[in-house]
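Okay, upload.txt is below, compact mmCIF, C-alpha atoms:
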```txt
# COMPACT_ATOMS: atom_id res chain seq x y z
CA MET A 1 0.00 0.00 0.00
CA ALA A 2 2.78 2.43 0.90
CA LYS A 3 4.54 1.78 -2.41
CA ASP A 4 1.35 2.40 -4.36
CA LEU A 5 0.77 5.59 -2.41
CA VAL A 6 4.27 6.87 -3.17
CA GLU A 7 3.90 6.10 -6.88
CA LYS A 8 0.54 7.86 -6.97
CA LEU A 9 1.64 10.90 -5.00
CA PHE A 10 4.81 11.61 -6.94
CA SER A 11 3.65 10.78 -10.45
CA ILE A 12 3.80 13.76 -12.82
CA SER A 13 5.12 11.89 -15.84
CA GLY A 14 3.82 13.41 -19.05
CA LYS A 15 2.49 16.53 -17.36
CA THR A 16 3.61 20.02 -18.35
CA ALA A 17 5.28 22.36 -15.87
CA VAL A 18 6.03 26.02 -16.46
CA ILE A 19 8.78 27.51 -14.30
CA THR A 20 9.47 31.24 -14.28
CA GLY A 21 13.10 32.09 -13.68
CA GLY A 22 13.75 28.42 -14.38
CA TYR A 23 17.21 28.58 -15.92
CA ARG A 24 19.11 29.07 -12.65
CA GLY A 25 18.99 28.74 -8.87
CA ILE A 26 15.85 27.45 -7.20
CA GLY A 27 13.86 27.50 -10.43
CA LEU A 28 16.40 25.32 -12.22
CA ALA A 29 16.58 22.86 -9.33
CA ILE A 30 12.81 22.45 -9.44
CA ALA A 31 12.76 22.14 -13.24
CA GLU A 32 15.36 19.36 -13.15
CA THR A 33 13.44 17.55 -10.42
CA TYR A 34 10.24 17.56 -12.43
CA ALA A 35 12.04 16.49 -15.61
CA GLU A 36 13.78 13.62 -13.81
CA VAL A 37 10.40 12.09 -12.95
CA GLY A 38 9.07 12.52 -16.48
CA ALA A 39 7.38 15.93 -16.63
CA ASN A 40 7.77 18.19 -19.63
CA VAL A 41 9.20 21.56 -18.58
CA VAL A 42 9.04 25.05 -20.00
CA LEU A 43 11.52 27.62 -18.72
CA VAL A 44 10.51 31.27 -19.03
CA ALA A 45 12.50 34.39 -18.17
CA ARG A 46 13.74 37.57 -19.81
CA ASN A 47 16.98 35.87 -20.89
CA LEU A 48 15.86 33.87 -23.94
CA SER A 49 19.22 32.28 -24.77
CA ALA A 50 19.72 31.08 -21.18
CA CYS A 51 16.23 29.56 -21.11
CA GLN A 52 16.70 27.81 -24.44
CA GLU A 53 20.17 26.49 -23.64
CA THR A 54 19.08 25.21 -20.24
CA ALA A 55 15.94 23.64 -21.71
CA GLU A 56 18.06 21.78 -24.27
CA LYS A 57 20.34 20.44 -21.52
CA ILE A 58 17.34 19.21 -19.54
CA LYS A 59 15.92 17.55 -22.65
CA LYS A 60 19.24 15.81 -23.33
CA ASN A 61 19.67 14.68 -19.72
CA PHE A 62 16.14 13.47 -19.02
CA GLY A 63 14.51 12.82 -22.39
CA VAL A 64 11.43 14.96 -21.82
CA LYS A 65 9.90 17.65 -24.00
CA THR A 66 11.21 21.08 -23.11
CA ALA A 67 11.09 24.68 -24.29
CA GLY A 68 12.64 27.98 -23.34
CA LYS A 69 10.82 31.24 -23.93
CA ALA A 70 11.43 34.92 -23.28
CA ILE A 71 8.92 36.62 -21.02
CA ASP A 72 8.69 39.85 -19.09
CA VAL A 73 6.65 38.86 -16.05
CA ARG A 74 5.94 42.53 -15.33
CA ASP A 75 4.12 43.04 -18.64
CA SER A 76 0.65 41.56 -19.03
CA LYS A 77 0.82 41.47 -22.83
CA SER A 78 4.09 39.56 -22.76
CA VAL A 79 2.74 37.16 -20.14
CA ASP A 80 -0.56 36.48 -21.92
CA ARG A 81 1.17 35.95 -25.27
CA VAL A 82 3.81 33.55 -23.99
CA ILE A 83 1.43 31.52 -21.83
CA GLN A 84 -0.87 31.10 -24.82
CA GLU A 85 2.11 29.98 -26.94
CA ILE A 86 2.98 27.37 -24.34
CA PHE A 87 -0.58 26.10 -24.18
CA ASP A 88 -0.79 25.90 -27.97
CA GLU A 89 2.48 23.96 -28.13
CA PHE A 90 1.98 21.58 -25.20
CA GLY A 91 -1.81 21.29 -25.13
CA ARG A 92 -2.15 21.93 -21.41
CA ILE A 93 -0.37 23.39 -18.38
CA ASP A 94 -0.53 21.22 -15.27
CA ILE A 95 1.96 22.90 -12.95
CA LEU A 96 3.12 26.48 -12.58
CA VAL A 97 6.09 27.43 -10.41
CA ASN A 98 6.49 31.18 -9.92
CA SER A 99 10.19 31.28 -9.11
CA ALA A 100 11.25 34.52 -10.84
CA GLY A 101 12.31 37.12 -8.32
CA ILE A 102 14.86 39.75 -7.34
CA PRO A 103 16.04 40.89 -3.90
CA GLY A 104 15.66 44.55 -4.75
CA SER A 105 17.68 47.44 -3.35
CA GLU A 106 18.96 46.98 0.19
CA LYS A 107 18.21 50.40 1.64
CA PRO A 108 16.43 51.80 4.69
CA VAL A 109 12.81 52.69 3.92
CA LEU A 110 13.46 56.43 4.22
CA ARG A 111 16.15 56.24 1.53
CA MET A 112 14.21 54.08 -0.92
CA THR A 113 13.17 55.72 -4.17
CA ASP A 114 9.91 55.13 -5.99
CA GLU A 115 11.89 53.16 -8.54
CA ASP A 116 13.46 50.94 -5.87
CA MET A 117 10.05 49.86 -4.62
CA ASP A 118 8.49 49.59 -8.07
CA GLU A 119 11.30 47.34 -9.31
CA VAL A 120 11.00 44.64 -6.65
CA MET A 121 7.21 44.77 -6.45
CA GLY A 122 7.04 44.63 -10.24
CA VAL A 123 8.98 41.38 -10.54
CA ASP A 124 8.26 39.59 -7.28
CA PHE A 125 4.59 40.41 -6.77
CA ARG A 126 3.14 41.77 -10.02
CA GLY A 127 4.98 39.08 -12.00
CA THR A 128 3.59 36.33 -9.80
CA PHE A 129 0.10 37.81 -10.12
CA LEU A 130 0.19 38.20 -13.91
CA VAL A 131 1.56 34.73 -14.63
CA SER A 132 -0.78 33.10 -12.10
CA ARG A 133 -3.75 34.87 -13.63
CA ALA A 134 -2.87 33.78 -17.16
CA VAL A 135 -2.12 30.17 -16.24
CA GLY A 136 -4.99 30.02 -13.75
CA GLN A 137 -7.48 30.75 -16.53
CA ILE A 138 -6.19 27.74 -18.44
CA MET A 139 -6.23 25.51 -15.36
CA VAL A 140 -9.83 26.47 -14.55
CA LYS A 141 -10.88 25.38 -18.04
CA GLN A 142 -8.96 22.12 -17.56
CA LYS A 143 -10.52 21.67 -14.13
CA SER A 144 -7.09 20.79 -12.76
CA GLY A 145 -3.74 22.35 -11.93
CA ARG A 146 -1.18 23.22 -9.29
CA ILE A 147 0.28 26.68 -8.76
CA ILE A 148 3.34 26.91 -6.55
CA ASN A 149 4.45 30.40 -5.59
CA VAL A 150 8.02 30.69 -4.36
CA ALA A 151 7.73 33.22 -1.54
CA SER A 152 10.22 33.54 1.33
CA ILE A 153 10.53 33.51 5.07
CA LEU A 154 10.74 37.29 4.65
CA GLY A 155 7.07 37.25 3.79
CA LYS A 156 6.53 36.30 7.44
CA ILE A 157 9.41 37.88 9.34
CA SER A 158 11.15 41.20 8.77
CA ALA A 159 14.68 42.31 7.98
CA ARG A 160 16.30 45.73 7.99
CA ASN A 161 16.88 47.35 4.60
CA MET A 162 14.63 44.81 2.85
CA ALA A 163 11.25 46.58 2.93
CA GLY A 164 10.50 46.02 -0.75
CA TYR A 165 11.39 42.35 -0.72
CA CYS A 166 9.55 41.67 2.54
CA ALA A 167 6.45 43.48 1.31
CA SER A 168 6.48 41.71 -2.06
CA LYS A 169 6.80 38.25 -0.55
CA ALA A 170 4.10 38.95 2.04
CA ALA A 171 1.89 40.00 -0.86
CA VAL A 172 2.70 36.76 -2.69
CA ILE A 173 1.61 34.76 0.35
CA GLN A 174 -1.69 36.63 0.55
CA LEU A 175 -2.21 36.22 -3.21
CA THR A 176 -1.64 32.49 -2.71
CA ARG A 177 -4.34 32.32 -0.03
CA VAL A 178 -6.91 34.28 -2.04
CA MET A 179 -6.31 32.32 -5.24
CA ALA A 180 -6.58 29.07 -3.30
CA LEU A 181 -10.01 30.12 -2.07
CA GLU A 182 -11.19 31.25 -5.47
CA LEU A 183 -9.91 28.32 -7.54
CA MET A 184 -10.44 25.31 -5.27
CA ARG A 185 -13.86 24.48 -6.74
CA ASP A 186 -12.19 24.08 -10.12
CA ASN A 187 -9.66 21.60 -8.72
CA VAL A 188 -6.79 24.08 -8.87
CA GLN A 189 -4.50 24.14 -5.84
CA VAL A 190 -2.38 27.13 -4.94
CA ASN A 191 0.34 26.87 -2.32
CA ALA A 192 3.41 28.85 -1.28
CA LEU A 193 6.94 27.50 -0.87
CA CYS A 194 8.79 29.74 1.59
CA PRO A 195 12.53 29.09 1.66
CA GLY A 196 14.96 30.49 4.14
CA TYR A 197 18.60 30.98 3.22
CA ILE A 198 19.38 28.44 0.48
CA LEU A 199 22.87 28.09 -0.97
CA THR A 200 23.04 28.89 -4.69
CA ASP A 201 25.76 30.05 -7.07
CA PHE A 202 24.38 33.57 -6.64
CA ASN A 203 25.04 33.76 -2.87
CA ARG A 204 27.81 31.21 -2.39
CA ASP A 205 30.60 33.77 -1.95
CA PHE A 206 28.60 35.65 0.68
CA PHE A 207 27.89 32.58 2.78
CA ASP A 208 31.54 31.55 2.53
CA SER A 209 32.56 34.93 3.95
CA GLU A 210 32.98 35.69 7.64
CA VAL A 211 29.96 38.00 7.53
CA GLY A 212 27.85 35.28 5.97
CA LYS A 213 28.99 32.67 8.45
CA GLY A 214 28.21 35.07 11.31
CA LEU A 215 24.72 35.66 9.97
CA VAL A 216 24.05 31.92 9.75
CA LYS A 217 25.30 31.35 13.29
CA LYS A 218 23.14 34.16 14.63
CA MET A 219 19.92 33.60 12.69
CA ILE A 220 19.56 29.91 11.84
CA PRO A 221 19.12 27.42 14.73
CA LEU A 222 20.35 24.56 12.54
CA ASN A 223 23.60 26.52 12.07
CA ARG A 224 23.81 26.09 8.31
CA VAL A 225 22.17 27.29 5.12
CA GLY A 226 19.80 25.06 3.22
CA ARG A 227 20.64 22.97 0.16
CA LEU A 228 18.77 23.03 -3.13
CA ASP A 229 17.96 19.33 -2.81
CA GLU A 230 16.08 20.15 0.39
CA LEU A 231 13.71 22.25 -1.70
CA GLN A 232 13.46 19.78 -4.56
CA SER A 233 11.61 17.06 -2.67
CA THR A 234 9.15 19.59 -1.26
CA ALA A 235 8.52 21.14 -4.67
CA LEU A 236 7.80 17.68 -6.04
CA TYR A 237 5.36 17.00 -3.22
CA MET A 238 3.62 20.31 -3.81
CA ALA A 239 3.15 19.40 -7.48
CA THR A 240 1.41 16.15 -6.51
CA CYS A 241 -0.06 16.76 -3.04
CA PRO A 242 -3.64 15.76 -2.16
CA ALA A 243 -6.47 18.09 -3.16
CA PHE A 244 -7.12 18.82 0.53
CA MET A 245 -3.89 20.83 0.68
CA THR A 246 -4.38 24.32 -0.72
CA GLY A 247 -3.59 27.81 0.51
CA ALA A 248 -0.71 26.40 2.53
CA GLU A 249 2.68 27.93 3.30
CA ILE A 250 5.59 25.53 3.66
CA TYR A 251 8.69 26.93 5.37
CA ILE A 252 12.07 25.33 4.77
CA ASP A 253 14.43 27.43 6.80
CA GLY A 254 16.40 25.46 9.39
CA GLY A 255 14.18 26.84 12.15
CA HIS A 256 14.79 30.49 11.22
CA THR A 257 11.14 31.54 11.64
CA ILE A 258 10.58 29.83 14.99
CA VAL A 259 13.09 31.83 17.04
```

Once you've parsed the file, please lay out its structure as structure tokens.
Amino acid sequence: MAKDLVEKLFSISGKTAVITGGYRGIGLAIAETYAEVGANVVLVARNLSACQETAEKIKKNFGVKTAGKAIDVRDSKSVDRVIQEIFDEFGRIDILVNSAGIPGSEKPVLRMTDEDMDEVMGVDFRGTFLVSRAVGQIMVKQKSGRIINVASILGKISARNMAGYCASKAAVIQLTRVMALELMRDNVQVNALCPGYILTDFNRDFFDSEVGKGLVKKMIPLNRVGRLDELQSTALYMATCPAFMTGAEIYIDGGHTIV
């Protein structure tokens, strides 16, 4: 029985997953996880060549159908056009992972410019909203789908000089809850993955520095940063979890948010 349950829970073979920001970092780790278990993956970001090159590597390594497409998640016309292209090419969209995001300017609130706030809110929140809206319309027609919004522990706790990022991720969490309520009757689940500090190529040098090590020792009870593989298994579960799970926030942070 347990074996059958595992096979049922984690089966996404043949399904189509769209991952924003999927050519690097957390997005790439999730894309490779889905491809390894047989899902077709579409990587979308502003960098077309990076998306296409990464998609080809995934196709070669895992033998699934892939595509890479340029998208500006801040622009509704770009989003609607690209999502329609993906649907026309793949016939359906079963999973959406909103992974595209930027940290924004690290400044005190009183020194932030309008542009500083607009930039981070535009990518991290507006982008998540626009892509979720476009894909959600397709999923409602299909009467099935999973939307996974990559938020952050900073949507729950605060940090100095990170007002824009904290606000955007808190907004993503609330968007997740509202969409879960609105779409559940159409068998569309919406959940939020909230990582803490996860080691990637982007932040590796910082966490290897004395400042980075001091931050980890001070802030994370487990006394280390997270690994990408510790997100991969959770992202796979969220793509296959029971229908009773929707509107949830899953924190993977080494205990950061409980102290």

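In this structure, CA of Arg92 in chain A sits 28.0 Å away from CA of Lys169 in chain A.
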
Find the residue from A:Asn40, A:Thr113, A:Ser76, A:Gln174 that sits nearest to Arg133 in chain A; use only C-alpha atoms when measuring. A:Ser76

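From CA of Gly247 in chain A back to CA of Ala180 in chain A, the distance works out to 5.0 Å.
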
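Between Leu96 in chain A and the candidates A:Arg227, A:Lys15, A:Arg146, A:Lys156, the tightest atom-to-atom separation, counting only C-alpha atoms, involves A:Arg146.
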
Quick one: everything within 12 Å of Thr234 in chain A, counting all atoms listed in the file, minus sequence neighbours fewer than 4 positions away in the same chain. Send it as a list in words. Phe10, Ile26, Ala29, Ile30, Thr33, Tyr34, Ile148, Val150, Asn191, Ala192, Leu193, Cys194, Pro195, Leu228, Asp229, Glu230, Met238, Ala239, Thr240, Cys241, Glu249, Ile250, Tyr251 and Ile252 of chain A

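What separates CA of Gln232 in chain A from CA of Val82 in chain A is a distance of 25.7 Å.
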
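Of the listed residues A:Leu236, A:Ala151, A:Leu130, A:Val211, the one whose atoms come nearest to Ala35 in chain A is A:Leu236, with distances taken using only C-alpha atoms.
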
Extract, using only C-alpha atoms, all DNA, RNA and protein residues at most 9 Å from Lys107 in chain A, discarding same-chain residues fewer than 5 positions from it, and format them as an mmCIF file with C-alpha atoms, keeping the file's coordinate frame.
```cif
data_model
loop_
_atom_site.group_PDB
_atom_site.id
_atom_site.type_symbol
_atom_site.label_atom_id
_atom_site.label_comp_id
_atom_site.auth_asym_id
_atom_site.auth_seq_id
_atom_site.Cartn_x
_atom_site.Cartn_y
_atom_site.Cartn_z
ATOM 1 C CA MET A 112 14.210 54.080 -0.920
ATOM 2 C CA ASP A 116 13.460 50.940 -5.870
ATOM 3 C CA ARG A 160 16.300 45.730 7.990
ATOM 4 C CA ASN A 161 16.880 47.350 4.600
ATOM 5 C CA MET A 162 14.630 44.810 2.850
ATOM 6 C CA ALA A 163 11.250 46.580 2.930
#
```

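Remark: for Glu106 in chain A, the closest of the candidate residues A:Met184, A:Ala31, A:Ala159, A:Val64 is A:Ala159 (distances computed over only C-alpha atoms).
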
Since the input is missing atoms, can you rebuild N, CA and C atoms for range 43-54 of chain A and write them as a PDB file, in the coordinates of the input?
```pdb
ATOM      1  N   LEU A  43      10.810  26.617 -19.498  1.00  0.00           N
ATOM      2  CA  LEU A  43      11.520  27.620 -18.720  1.00  0.00           C
ATOM      3  C   LEU A  43      11.250  28.989 -19.331  1.00  0.00           C
ATOM      4  N   VAL A  44      10.799  29.928 -18.520  1.00  0.00           N
ATOM      5  CA  VAL A  44      10.510  31.270 -19.030  1.00  0.00           C
ATOM      6  C   VAL A  44      11.211  32.310 -18.163  1.00  0.00           C
ATOM      7  N   ALA A  45      11.805  33.287 -18.828  1.00  0.00           N
ATOM      8  CA  ALA A  45      12.500  34.390 -18.170  1.00  0.00           C
ATOM      9  C   ALA A  45      12.814  35.426 -19.235  1.00  0.00           C
ATOM     10  N   ARG A  46      13.387  36.548 -18.829  1.00  0.00           N
ATOM     11  CA  ARG A  46      13.740  37.570 -19.810  1.00  0.00           C
ATOM     12  C   ARG A  46      14.914  37.145 -20.687  1.00  0.00           C
ATOM     13  N   ASN A  47      15.785  36.299 -20.158  1.00  0.00           N
ATOM     14  CA  ASN A  47      16.980  35.870 -20.890  1.00  0.00           C
ATOM     15  C   ASN A  47      16.634  34.669 -21.777  1.00  0.00           C
ATOM     16  N   LEU A  48      16.305  34.925 -23.037  1.00  0.00           N
ATOM     17  CA  LEU A  48      15.860  33.870 -23.940  1.00  0.00           C
ATOM     18  C   LEU A  48      16.932  32.821 -24.168  1.00  0.00           C
ATOM     19  N   SER A  49      18.161  33.242 -24.460  1.00  0.00           N
ATOM     20  CA  SER A  49      19.220  32.280 -24.770  1.00  0.00           C
ATOM     21  C   SER A  49      19.492  31.359 -23.583  1.00  0.00           C
ATOM     22  N   ALA A  50      19.484  31.904 -22.369  1.00  0.00           N
ATOM     23  CA  ALA A  50      19.720  31.080 -21.180  1.00  0.00           C
ATOM     24  C   ALA A  50      18.605  30.071 -21.002  1.00  0.00           C
ATOM     25  N   CYS A  51      17.363  30.484 -21.226  1.00  0.00           N
ATOM     26  CA  CYS A  51      16.230  29.560 -21.110  1.00  0.00           C
ATOM     27  C   CYS A  51      16.322  28.450 -22.142  1.00  0.00           C
ATOM     28  N   GLN A  52      16.631  28.813 -23.371  1.00  0.00           N
ATOM     29  CA  GLN A  52      16.700  27.810 -24.440  1.00  0.00           C
ATOM     30  C   GLN A  52      17.853  26.838 -24.234  1.00  0.00           C
ATOM     31  N   GLU A  53      19.005  27.355 -23.865  1.00  0.00           N
ATOM     32  CA  GLU A  53      20.170  26.490 -23.640  1.00  0.00           C
ATOM     33  C   GLU A  53      19.933  25.538 -22.475  1.00  0.00           C
ATOM     34  N   THR A  54      19.351  26.047 -21.409  1.00  0.00           N
ATOM     35  CA  THR A  54      19.080  25.210 -20.240  1.00  0.00           C
ATOM     36  C   THR A  54      18.008  24.174 -20.558  1.00  0.00           C
TER      37      THR A  54
END
```
